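A.B. asks: Data: upload38.cif, mmCIF, N, CA and C atoms and all ligand atoms.
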```cif
data_protein
#
loop_
_atom_site.label_atom_id
_atom_site.label_comp_id
_atom_site.auth_asym_id
_atom_site.auth_seq_id
_atom_site.Cartn_x
_atom_site.Cartn_y
_atom_site.Cartn_z
N MET A 1 6.57 -240.84 93.95
CA MET A 1 6.16 -241.74 95.02
C MET A 1 6.94 -243.05 94.87
N PRO A 2 7.59 -243.52 95.93
CA PRO A 2 8.34 -244.78 95.82
C PRO A 2 7.40 -245.96 95.62
N SER A 3 7.89 -246.98 94.91
CA SER A 3 7.04 -248.15 94.69
C SER A 3 7.06 -249.04 95.93
N ARG A 4 6.00 -249.78 96.08
CA ARG A 4 5.86 -250.72 97.17
C ARG A 4 5.61 -252.10 96.59
N GLU A 5 6.18 -253.12 97.21
CA GLU A 5 5.96 -254.47 96.71
C GLU A 5 4.73 -255.09 97.36
N HIS A 6 4.00 -255.82 96.53
CA HIS A 6 2.77 -256.47 97.00
C HIS A 6 2.88 -257.97 96.74
N ASP A 7 2.57 -258.75 97.73
CA ASP A 7 2.59 -260.20 97.61
C ASP A 7 1.31 -260.65 96.91
N VAL A 8 1.45 -261.29 95.74
CA VAL A 8 0.26 -261.73 95.00
C VAL A 8 0.11 -263.25 95.00
N GLY A 9 0.91 -263.93 95.81
CA GLY A 9 0.71 -265.37 95.96
C GLY A 9 1.99 -266.16 95.84
N SER A 10 1.84 -267.46 96.00
CA SER A 10 2.95 -268.39 95.87
C SER A 10 3.25 -268.60 94.39
N ALA A 11 4.52 -268.75 94.05
CA ALA A 11 4.89 -269.00 92.65
C ALA A 11 4.20 -270.25 92.11
N ALA A 12 3.94 -271.22 92.98
CA ALA A 12 3.30 -272.46 92.55
C ALA A 12 1.86 -272.24 92.09
N GLU A 13 1.26 -271.13 92.46
CA GLU A 13 -0.13 -270.84 92.07
C GLU A 13 -0.24 -270.35 90.63
N PHE A 14 0.91 -270.08 90.00
CA PHE A 14 0.89 -269.53 88.65
C PHE A 14 1.32 -270.60 87.65
N GLY A 15 0.39 -271.03 86.83
CA GLY A 15 0.71 -272.04 85.83
C GLY A 15 1.55 -271.45 84.71
N ASP A 16 2.37 -272.28 84.10
CA ASP A 16 3.26 -271.80 83.05
C ASP A 16 2.45 -271.29 81.85
N CYS A 17 2.70 -270.04 81.49
CA CYS A 17 2.04 -269.38 80.34
C CYS A 17 0.52 -269.34 80.46
N GLU A 18 0.03 -269.29 81.70
CA GLU A 18 -1.41 -269.16 81.94
C GLU A 18 -1.64 -267.81 82.62
N PRO A 19 -2.16 -266.81 81.90
CA PRO A 19 -2.38 -265.51 82.51
C PRO A 19 -3.37 -265.60 83.67
N LYS A 20 -3.08 -264.85 84.71
CA LYS A 20 -3.94 -264.90 85.90
C LYS A 20 -4.23 -263.47 86.35
N GLY A 21 -5.48 -263.16 86.55
CA GLY A 21 -5.87 -261.85 87.03
C GLY A 21 -5.75 -261.76 88.54
N VAL A 22 -5.20 -260.67 89.02
CA VAL A 22 -5.11 -260.41 90.46
C VAL A 22 -5.49 -258.95 90.69
N SER A 23 -5.85 -258.64 91.91
CA SER A 23 -6.17 -257.27 92.26
C SER A 23 -5.19 -256.78 93.31
N VAL A 24 -4.57 -255.63 93.05
CA VAL A 24 -3.63 -255.03 94.00
C VAL A 24 -4.07 -253.60 94.27
N GLU A 25 -4.45 -253.34 95.49
CA GLU A 25 -4.93 -252.01 95.89
C GLU A 25 -6.02 -251.51 94.94
N GLY A 26 -6.93 -252.41 94.60
CA GLY A 26 -8.06 -252.05 93.75
C GLY A 26 -7.73 -251.95 92.26
N ARG A 27 -6.50 -252.25 91.90
CA ARG A 27 -6.09 -252.17 90.50
C ARG A 27 -5.99 -253.58 89.93
N ALA A 28 -6.62 -253.81 88.80
CA ALA A 28 -6.60 -255.13 88.17
C ALA A 28 -5.31 -255.32 87.39
N LEU A 29 -4.60 -256.39 87.72
CA LEU A 29 -3.35 -256.74 87.04
C LEU A 29 -3.47 -258.13 86.44
N VAL A 30 -2.68 -258.37 85.41
CA VAL A 30 -2.53 -259.71 84.88
C VAL A 30 -1.09 -260.15 85.16
N LEU A 31 -0.97 -261.33 85.76
CA LEU A 31 0.34 -261.91 86.04
C LEU A 31 0.57 -263.08 85.10
N VAL A 32 1.78 -263.17 84.59
CA VAL A 32 2.13 -264.26 83.69
C VAL A 32 3.44 -264.87 84.15
N ARG A 33 3.42 -266.18 84.24
CA ARG A 33 4.66 -266.92 84.50
C ARG A 33 5.06 -267.62 83.21
N ALA A 34 6.31 -267.45 82.82
CA ALA A 34 6.84 -268.16 81.66
C ALA A 34 8.15 -268.81 82.10
N GLY A 35 8.06 -270.05 82.51
CA GLY A 35 9.23 -270.72 83.09
C GLY A 35 9.57 -270.06 84.41
N ASP A 36 10.79 -269.58 84.53
CA ASP A 36 11.20 -268.91 85.76
C ASP A 36 10.93 -267.41 85.72
N ALA A 37 10.49 -266.90 84.59
CA ALA A 37 10.24 -265.45 84.45
C ALA A 37 8.80 -265.13 84.82
N PHE A 38 8.62 -263.98 85.46
CA PHE A 38 7.28 -263.50 85.80
C PHE A 38 7.11 -262.10 85.22
N PHE A 39 5.89 -261.82 84.75
CA PHE A 39 5.55 -260.51 84.21
C PHE A 39 4.26 -260.03 84.83
N ALA A 40 4.13 -258.71 84.96
CA ALA A 40 2.88 -258.12 85.46
C ALA A 40 2.52 -256.92 84.59
N ALA A 41 1.24 -256.80 84.29
CA ALA A 41 0.76 -255.68 83.47
C ALA A 41 -0.66 -255.34 83.91
N ARG A 42 -1.11 -254.13 83.54
CA ARG A 42 -2.51 -253.77 83.78
C ARG A 42 -3.39 -254.76 83.04
N ASP A 43 -4.49 -255.14 83.69
CA ASP A 43 -5.36 -256.15 83.10
C ASP A 43 -6.48 -255.50 82.30
N ILE A 44 -6.10 -254.61 81.42
CA ILE A 44 -7.11 -253.98 80.57
C ILE A 44 -6.48 -253.62 79.23
N CYS A 45 -7.09 -254.06 78.18
CA CYS A 45 -6.56 -253.80 76.84
C CYS A 45 -6.86 -252.36 76.44
N PRO A 46 -5.85 -251.61 75.97
CA PRO A 46 -6.08 -250.22 75.57
C PRO A 46 -7.02 -250.08 74.36
N HIS A 47 -7.26 -251.14 73.63
CA HIS A 47 -8.12 -251.04 72.45
C HIS A 47 -9.58 -250.85 72.87
N GLN A 48 -10.19 -251.90 73.45
CA GLN A 48 -11.60 -251.78 73.85
C GLN A 48 -11.85 -252.40 75.22
N ALA A 49 -10.83 -252.40 76.05
CA ALA A 49 -10.95 -252.72 77.47
C ALA A 49 -11.23 -254.18 77.82
N ALA A 50 -10.86 -255.10 76.97
CA ALA A 50 -10.96 -256.52 77.35
C ALA A 50 -10.01 -256.83 78.49
N ARG A 51 -10.34 -257.85 79.25
CA ARG A 51 -9.44 -258.34 80.29
C ARG A 51 -8.33 -259.16 79.64
N LEU A 52 -7.10 -258.68 79.75
CA LEU A 52 -5.98 -259.42 79.15
C LEU A 52 -5.72 -260.74 79.87
N SER A 53 -6.17 -260.84 81.11
CA SER A 53 -6.01 -262.10 81.85
C SER A 53 -6.85 -263.23 81.24
N GLU A 54 -7.78 -262.88 80.34
CA GLU A 54 -8.56 -263.91 79.65
C GLU A 54 -7.95 -264.23 78.28
N GLY A 55 -6.80 -263.65 78.02
CA GLY A 55 -6.12 -263.87 76.74
C GLY A 55 -5.20 -265.08 76.79
N GLU A 56 -4.29 -265.10 75.85
CA GLU A 56 -3.42 -266.26 75.67
C GLU A 56 -1.96 -265.80 75.64
N VAL A 57 -1.09 -266.61 76.21
CA VAL A 57 0.34 -266.31 76.18
C VAL A 57 1.00 -267.22 75.14
N ARG A 58 1.77 -266.62 74.27
CA ARG A 58 2.47 -267.40 73.27
C ARG A 58 3.68 -266.62 72.76
N GLY A 59 4.21 -267.00 71.65
CA GLY A 59 5.29 -266.26 70.99
C GLY A 59 4.72 -265.52 69.80
N THR A 60 5.59 -265.16 68.89
CA THR A 60 5.12 -264.46 67.70
C THR A 60 6.09 -264.72 66.55
N THR A 61 5.70 -264.30 65.38
CA THR A 61 6.58 -264.46 64.23
C THR A 61 7.57 -263.30 64.17
N ALA A 62 8.78 -263.60 63.76
CA ALA A 62 9.81 -262.56 63.61
C ALA A 62 9.63 -261.88 62.26
N PRO A 63 10.04 -260.60 62.17
CA PRO A 63 9.96 -259.93 60.87
C PRO A 63 10.79 -260.69 59.83
N CYS A 64 10.27 -260.77 58.61
CA CYS A 64 11.03 -261.42 57.55
C CYS A 64 10.65 -260.79 56.20
N LYS A 65 11.49 -261.01 55.22
CA LYS A 65 11.26 -260.47 53.89
C LYS A 65 10.52 -261.50 53.04
N PRO A 66 9.87 -261.05 51.97
CA PRO A 66 9.21 -262.00 51.07
C PRO A 66 10.18 -263.08 50.62
N GLY A 67 9.75 -264.31 50.69
CA GLY A 67 10.58 -265.42 50.26
C GLY A 67 11.40 -266.05 51.36
N GLU A 68 11.57 -265.34 52.47
CA GLU A 68 12.30 -265.93 53.59
C GLU A 68 11.40 -266.86 54.38
N ASP A 69 12.02 -267.81 55.05
CA ASP A 69 11.25 -268.69 55.92
C ASP A 69 10.67 -267.89 57.08
N VAL A 70 9.46 -268.22 57.46
CA VAL A 70 8.83 -267.58 58.61
C VAL A 70 9.40 -268.21 59.86
N ARG A 71 9.89 -267.37 60.76
CA ARG A 71 10.46 -267.86 62.01
C ARG A 71 9.55 -267.47 63.17
N TYR A 72 9.41 -268.39 64.10
CA TYR A 72 8.58 -268.17 65.28
C TYR A 72 9.49 -268.15 66.49
N GLY A 73 9.22 -267.23 67.43
CA GLY A 73 10.07 -267.16 68.61
C GLY A 73 9.40 -266.40 69.72
N ARG A 74 10.18 -266.09 70.74
CA ARG A 74 9.73 -265.33 71.90
C ARG A 74 8.58 -266.02 72.65
N GLU A 75 8.59 -267.34 72.64
CA GLU A 75 7.54 -268.08 73.33
C GLU A 75 7.45 -267.63 74.80
N GLY A 76 6.23 -267.37 75.25
CA GLY A 76 6.00 -266.97 76.64
C GLY A 76 6.16 -265.48 76.90
N GLU A 77 6.49 -264.69 75.88
CA GLU A 77 6.70 -263.25 76.09
C GLU A 77 5.61 -262.39 75.46
N ILE A 78 4.65 -263.01 74.80
CA ILE A 78 3.62 -262.24 74.10
C ILE A 78 2.25 -262.60 74.69
N LEU A 79 1.52 -261.57 75.10
CA LEU A 79 0.16 -261.77 75.63
C LEU A 79 -0.82 -261.27 74.57
N VAL A 80 -1.74 -262.15 74.20
CA VAL A 80 -2.68 -261.85 73.12
C VAL A 80 -4.05 -261.55 73.69
N CYS A 81 -4.60 -260.40 73.32
CA CYS A 81 -5.92 -260.00 73.81
C CYS A 81 -6.98 -260.98 73.30
N PRO A 82 -7.93 -261.35 74.18
CA PRO A 82 -8.92 -262.34 73.78
C PRO A 82 -9.96 -261.81 72.79
N TRP A 83 -10.14 -260.51 72.68
CA TRP A 83 -11.21 -260.00 71.83
C TRP A 83 -10.80 -259.83 70.37
N HIS A 84 -9.72 -259.12 70.11
CA HIS A 84 -9.37 -258.84 68.71
C HIS A 84 -7.94 -259.22 68.38
N GLY A 85 -7.27 -259.88 69.31
CA GLY A 85 -5.97 -260.46 69.00
C GLY A 85 -4.77 -259.54 69.00
N TRP A 86 -4.92 -258.33 69.52
CA TRP A 86 -3.71 -257.49 69.59
C TRP A 86 -2.70 -258.19 70.48
N GLU A 87 -1.43 -258.10 70.09
CA GLU A 87 -0.37 -258.78 70.82
C GLU A 87 0.43 -257.75 71.62
N TYR A 88 0.71 -258.08 72.88
CA TYR A 88 1.49 -257.20 73.75
C TYR A 88 2.77 -257.91 74.16
N ASP A 89 3.87 -257.16 74.07
CA ASP A 89 5.17 -257.65 74.52
C ASP A 89 5.21 -257.53 76.04
N LEU A 90 5.25 -258.65 76.72
CA LEU A 90 5.21 -258.62 78.19
C LEU A 90 6.45 -258.00 78.80
N THR A 91 7.55 -257.94 78.06
CA THR A 91 8.77 -257.34 78.61
C THR A 91 8.72 -255.82 78.61
N THR A 92 7.85 -255.24 77.78
CA THR A 92 7.77 -253.78 77.68
C THR A 92 6.36 -253.24 77.84
N GLY A 93 5.36 -254.07 77.60
CA GLY A 93 3.96 -253.62 77.60
C GLY A 93 3.52 -253.05 76.26
N ARG A 94 4.43 -252.95 75.31
CA ARG A 94 4.09 -252.32 74.03
C ARG A 94 3.36 -253.29 73.10
N ALA A 95 2.38 -252.75 72.37
CA ALA A 95 1.65 -253.55 71.39
C ALA A 95 2.52 -253.76 70.16
N LEU A 96 2.56 -254.97 69.65
CA LEU A 96 3.39 -255.24 68.49
C LEU A 96 2.89 -254.49 67.26
N VAL A 97 1.60 -254.23 67.20
CA VAL A 97 1.03 -253.57 66.02
C VAL A 97 1.43 -252.10 65.93
N ASP A 98 1.63 -251.44 67.06
CA ASP A 98 1.97 -250.00 67.07
C ASP A 98 2.70 -249.69 68.38
N PRO A 99 3.94 -250.17 68.50
CA PRO A 99 4.64 -250.08 69.79
C PRO A 99 4.90 -248.67 70.30
N ASP A 100 4.94 -247.69 69.41
CA ASP A 100 5.20 -246.32 69.87
C ASP A 100 3.96 -245.65 70.44
N ARG A 101 2.78 -246.14 70.10
CA ARG A 101 1.56 -245.46 70.55
C ARG A 101 0.65 -246.29 71.45
N VAL A 102 0.78 -247.60 71.41
CA VAL A 102 -0.14 -248.45 72.18
C VAL A 102 0.66 -249.31 73.14
N ARG A 103 0.33 -249.19 74.42
CA ARG A 103 1.02 -250.03 75.40
C ARG A 103 0.16 -250.18 76.65
N VAL A 104 0.44 -251.21 77.41
CA VAL A 104 -0.15 -251.37 78.73
C VAL A 104 0.96 -251.14 79.76
N ALA A 105 0.58 -250.64 80.91
CA ALA A 105 1.56 -250.44 81.97
C ALA A 105 2.07 -251.80 82.44
N THR A 106 3.36 -251.88 82.70
CA THR A 106 3.95 -253.09 83.24
C THR A 106 4.60 -252.77 84.58
N TYR A 107 4.82 -253.79 85.38
CA TYR A 107 5.35 -253.61 86.72
C TYR A 107 6.44 -254.65 86.98
N PRO A 108 7.48 -254.27 87.71
CA PRO A 108 8.53 -255.24 88.05
C PRO A 108 7.99 -256.34 88.96
N VAL A 109 8.47 -257.55 88.72
CA VAL A 109 8.06 -258.70 89.53
C VAL A 109 9.32 -259.44 89.96
N ARG A 110 9.32 -259.91 91.20
CA ARG A 110 10.41 -260.80 91.61
C ARG A 110 9.82 -261.84 92.55
N VAL A 111 10.55 -262.94 92.68
CA VAL A 111 10.12 -264.03 93.55
C VAL A 111 11.12 -264.14 94.68
N VAL A 112 10.59 -264.11 95.90
CA VAL A 112 11.42 -264.22 97.10
C VAL A 112 10.80 -265.30 97.98
N ASP A 113 11.58 -266.34 98.26
CA ASP A 113 11.10 -267.44 99.09
C ASP A 113 9.75 -267.96 98.60
N ASP A 114 9.64 -268.16 97.30
CA ASP A 114 8.46 -268.69 96.64
C ASP A 114 7.26 -267.73 96.63
N ARG A 115 7.43 -266.52 97.11
CA ARG A 115 6.34 -265.55 97.06
C ARG A 115 6.56 -264.60 95.87
N VAL A 116 5.50 -264.33 95.15
CA VAL A 116 5.58 -263.44 93.97
C VAL A 116 5.27 -262.03 94.42
N LEU A 117 6.22 -261.12 94.19
CA LEU A 117 6.09 -259.74 94.65
C LEU A 117 6.04 -258.80 93.45
N VAL A 118 5.02 -257.95 93.42
CA VAL A 118 4.86 -256.98 92.34
C VAL A 118 5.10 -255.59 92.92
N ALA A 119 5.96 -254.82 92.26
CA ALA A 119 6.25 -253.45 92.71
C ALA A 119 5.35 -252.48 91.95
N MET A 120 4.64 -251.66 92.72
CA MET A 120 3.75 -250.65 92.11
C MET A 120 3.97 -249.32 92.78
S1 LIG B 201 -10.10 -255.17 73.14
FE1 LIG B 201 -8.08 -255.94 73.03
S2 LIG B 201 -7.64 -256.03 70.91
FE2 LIG B 201 -9.64 -255.21 71.03
#
```
Would you write out, as structure tokens, the structure that this file holds?

C.D. replies:
Amino acid sequence: MPSREHDVGSAAEFGDCEPKGVSVEGRALVLVRAGDAFFAARDICPHQAARLSEGEVRGTTAPCKPGEDVRYGREGEILVCPWHGWEYDLTTGRALVDPDRVRVATYPVRVVDDRVLVAM
């Protein structure tokens, strides 16, 4: 089935790194704006079904070896579940804790004439 784009609002309605829940055709999505980038994912955590739109957007620590300095990065690309803190990569939907087995569905987003369009 071909995807269809849905208008979920003006880009100005989305605060930077503030997850926002929206409903598209009865499906709950979480939209995240990080600077000029927009991400969309299902608004339900695969662990125990918390609303990811009530979570927090931030970065994460990079892998490092014992004794190395801890580096922090990817600000605005990680959505953290509000209940137990599982982290999701907004670019892929995969959970950082187990990326091969745990993920949320993600959807392409683009902005046209200040309108945010999600393809589903
Ligand atoms: S419900 Fe999301 S980490 Fe538990």

A.B. asks: Separation of CA of Arg115 in chain A and atom C of Val8 in chain A, in Å?

C.D. replies: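 Computing it gives 7.0 Å between the two atoms.
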
A.B. asks: Could you list the protein, DNA and RNA residues that have any atom within 7 Å of ligand LIG 201 (chain B), counting only N, CA and C atoms and all ligand atoms, and write them as a PyMOL selection string?

C.D. replies: chain A and resi 44-51+80-87

A.B. asks: How many Å lie between CA of Gly73 in chain A and CA of Thr61 in chain A, rounded to one decimal?

C.D. replies: 6.2 Å

A.B. asks: Could you name the residues that touch Thr106 in chain A at 12 Å or less, counting only C-alpha atoms, but leaving out those on the same chain fewer than 2 positions away, as a list in words?

C.D. replies: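 Contacts, with the query itself left out: Ala28, Leu29, Val30, Leu31, Val32, Phe38, Phe39, Ala40, Ala41, Arg42, Asp43, Ile44, Tyr88, Asp89, Leu90, Thr91, Thr92, Gly93, Arg94, Arg103, Val104, Pro108, Val109, Val118, Ala119 and Met120 of chain A.
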
A.B. asks: Store the residues picked out above in a file with N, CA and C atoms, as an mmCIF file, keeping the file's coordinate frame.

C.D. replies:
```
data_model
loop_
_atom_site.group_PDB
_atom_site.id
_atom_site.type_symbol
_atom_site.label_atom_id
_atom_site.label_comp_id
_atom_site.auth_asym_id
_atom_site.auth_seq_id
_atom_site.Cartn_x
_atom_site.Cartn_y
_atom_site.Cartn_z
ATOM 1 N N ALA A 28 -6.620 -253.810 88.800
ATOM 2 C CA ALA A 28 -6.600 -255.130 88.170
ATOM 3 C C ALA A 28 -5.310 -255.320 87.390
ATOM 4 N N LEU A 29 -4.600 -256.390 87.720
ATOM 5 C CA LEU A 29 -3.350 -256.740 87.040
ATOM 6 C C LEU A 29 -3.470 -258.130 86.440
ATOM 7 N N VAL A 30 -2.680 -258.370 85.410
ATOM 8 C CA VAL A 30 -2.530 -259.710 84.880
ATOM 9 C C VAL A 30 -1.090 -260.150 85.160
ATOM 10 N N LEU A 31 -0.970 -261.330 85.760
ATOM 11 C CA LEU A 31 0.340 -261.910 86.040
ATOM 12 C C LEU A 31 0.570 -263.080 85.100
ATOM 13 N N VAL A 32 1.780 -263.170 84.590
ATOM 14 C CA VAL A 32 2.130 -264.260 83.690
ATOM 15 C C VAL A 32 3.440 -264.870 84.150
ATOM 16 N N PHE A 38 8.620 -263.980 85.460
ATOM 17 C CA PHE A 38 7.280 -263.500 85.800
ATOM 18 C C PHE A 38 7.110 -262.100 85.220
ATOM 19 N N PHE A 39 5.890 -261.820 84.750
ATOM 20 C CA PHE A 39 5.550 -260.510 84.210
ATOM 21 C C PHE A 39 4.260 -260.030 84.830
ATOM 22 N N ALA A 40 4.130 -258.710 84.960
ATOM 23 C CA ALA A 40 2.880 -258.120 85.460
ATOM 24 C C ALA A 40 2.520 -256.920 84.590
ATOM 25 N N ALA A 41 1.240 -256.800 84.290
ATOM 26 C CA ALA A 41 0.760 -255.680 83.470
ATOM 27 C C ALA A 41 -0.660 -255.340 83.910
ATOM 28 N N ARG A 42 -1.110 -254.130 83.540
ATOM 29 C CA ARG A 42 -2.510 -253.770 83.780
ATOM 30 C C ARG A 42 -3.390 -254.760 83.040
ATOM 31 N N ASP A 43 -4.490 -255.140 83.690
ATOM 32 C CA ASP A 43 -5.360 -256.150 83.100
ATOM 33 C C ASP A 43 -6.480 -255.500 82.300
ATOM 34 N N ILE A 44 -6.100 -254.610 81.420
ATOM 35 C CA ILE A 44 -7.110 -253.980 80.570
ATOM 36 C C ILE A 44 -6.480 -253.620 79.230
ATOM 37 N N TYR A 88 0.710 -258.080 72.880
ATOM 38 C CA TYR A 88 1.490 -257.200 73.750
ATOM 39 C C TYR A 88 2.770 -257.910 74.160
ATOM 40 N N ASP A 89 3.870 -257.160 74.070
ATOM 41 C CA ASP A 89 5.170 -257.650 74.520
ATOM 42 C C ASP A 89 5.210 -257.530 76.040
ATOM 43 N N LEU A 90 5.250 -258.650 76.720
ATOM 44 C CA LEU A 90 5.210 -258.620 78.190
ATOM 45 C C LEU A 90 6.450 -258.000 78.800
ATOM 46 N N THR A 91 7.550 -257.940 78.060
ATOM 47 C CA THR A 91 8.770 -257.340 78.610
ATOM 48 C C THR A 91 8.720 -255.820 78.610
ATOM 49 N N THR A 92 7.850 -255.240 77.780
ATOM 50 C CA THR A 92 7.770 -253.780 77.680
ATOM 51 C C THR A 92 6.360 -253.240 77.840
ATOM 52 N N GLY A 93 5.360 -254.070 77.600
ATOM 53 C CA GLY A 93 3.960 -253.620 77.600
ATOM 54 C C GLY A 93 3.520 -253.050 76.260
ATOM 55 N N ARG A 94 4.430 -252.950 75.310
ATOM 56 C CA ARG A 94 4.090 -252.320 74.030
ATOM 57 C C ARG A 94 3.360 -253.290 73.100
ATOM 58 N N ARG A 103 0.330 -249.190 74.420
ATOM 59 C CA ARG A 103 1.020 -250.030 75.400
ATOM 60 C C ARG A 103 0.160 -250.180 76.650
ATOM 61 N N VAL A 104 0.440 -251.210 77.410
ATOM 62 C CA VAL A 104 -0.150 -251.370 78.730
ATOM 63 C C VAL A 104 0.960 -251.140 79.760
ATOM 64 N N PRO A 108 7.480 -254.270 87.710
ATOM 65 C CA PRO A 108 8.530 -255.240 88.050
ATOM 66 C C PRO A 108 7.990 -256.340 88.960
ATOM 67 N N VAL A 109 8.470 -257.550 88.720
ATOM 68 C CA VAL A 109 8.060 -258.700 89.530
ATOM 69 C C VAL A 109 9.320 -259.440 89.960
ATOM 70 N N VAL A 118 5.020 -257.950 93.420
ATOM 71 C CA VAL A 118 4.860 -256.980 92.340
ATOM 72 C C VAL A 118 5.100 -255.590 92.920
ATOM 73 N N ALA A 119 5.960 -254.820 92.260
ATOM 74 C CA ALA A 119 6.250 -253.450 92.710
ATOM 75 C C ALA A 119 5.350 -252.480 91.950
ATOM 76 N N MET A 120 4.640 -251.660 92.720
ATOM 77 C CA MET A 120 3.750 -250.650 92.110
ATOM 78 C C MET A 120 3.970 -249.320 92.780
#
```

A.B. asks: How many Å lie between CA of Ala12 in chain A and atom N of Thr60 in chain A, rounded to one decimal?

C.D. replies: 24.9 Å

A.B. asks: Counting only C-alpha atoms, what is within 8 Å of range 16-18 of chain A, bar same-chain residues fewer than 3 positions away, as a list in words?

C.D. replies: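 In the requested format, the answer is Val32, Arg33, Ala34, Gly35, Glu56, Val57, Arg58 and Gly76 of chain A.
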
A.B. asks: Output, as AutoDock Vina command-line options, the centre and edge lengths in Å (one decimal) of the axis-aligned box that contains all listed atoms of range 82-99 of chain A with 8 Å of margin on each side.

C.D. replies:
```
--center_x -1.2 --center_y -255.5 --center_z 72.4 --size_x 36.0 --size_y 29.7 --size_z 28.9
```

A.B. asks: May I have the protein, DNA and RNA residues with an atom at most 6 Å from (5.1, -261.6, 93.9), counting only N, CA and C atoms in the file's coordinates, returned as a list in words?

C.D. replies: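 Taken together, the residues in range are His6, Asp7, Val8, Gly9, Arg110, Val111, Arg115, Val116, Leu117 and Val118 of chain A.
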
A.B. asks: Find the residue from A:Ile78, A:Ala11, A:Ala62, A:Val70 that sits nearest to Asp114 in chain A; use only N, CA and C atoms when measuring.

C.D. replies: A:Ala11

A.B. asks: Pull out range 57-91 of chain A, keep C-alpha atoms, and write it as a CSV table (one decimal), in the first residue's frame.

C.D. replies:
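Output contents, as saved in part_30.csv:
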```csv
chain,number,residue,atom,x,y,z
A,57,VAL,CA,14.6,14.1,24.1
A,58,ARG,CA,18.3,14.2,24.6
A,59,GLY,CA,21.6,12.7,23.5
A,60,THR,CA,23.5,9.7,24.9
A,61,THR,CA,26.9,8.6,25.8
A,62,ALA,CA,29.1,7.1,23.1
A,63,PRO,CA,30.7,3.6,23.6
A,64,CYS,CA,34.1,3.8,25.3
A,65,LYS,CA,36.6,1.5,26.9
A,66,PRO,CA,37.6,1.5,30.6
A,67,GLY,CA,39.8,4.5,31.3
A,68,GLU,CA,38.7,6.5,28.3
A,69,ASP,CA,36.9,9.8,28.8
A,70,VAL,CA,33.1,9.5,28.6
A,71,ARG,CA,31.8,11.3,25.5
A,72,TYR,CA,28.3,12.6,25.1
A,73,GLY,CA,26.7,13.3,21.7
A,74,ARG,CA,23.7,12.8,19.4
A,75,GLU,CA,21.8,15.6,21.1
A,76,GLY,CA,18.2,15.7,19.9
A,77,GLU,CA,18.3,12.2,18.4
A,78,ILE,CA,17.5,10.0,21.4
A,79,LEU,CA,13.9,9.7,22.9
A,80,VAL,CA,13.9,8.4,26.5
A,81,CYS,CA,10.8,6.5,27.7
A,82,PRO,CA,9.3,8.2,30.8
A,83,TRP,CA,8.7,5.0,32.8
A,84,HIS,CA,11.9,3.0,32.8
A,85,GLY,CA,14.3,5.1,30.7
A,86,TRP,CA,14.8,2.9,27.7
A,87,GLU,CA,16.4,5.0,25.0
A,88,TYR,CA,15.2,5.0,21.4
A,89,ASP,CA,17.2,6.2,18.4
A,90,LEU,CA,14.9,8.6,16.6
A,91,THR,CA,16.7,8.1,13.3
```
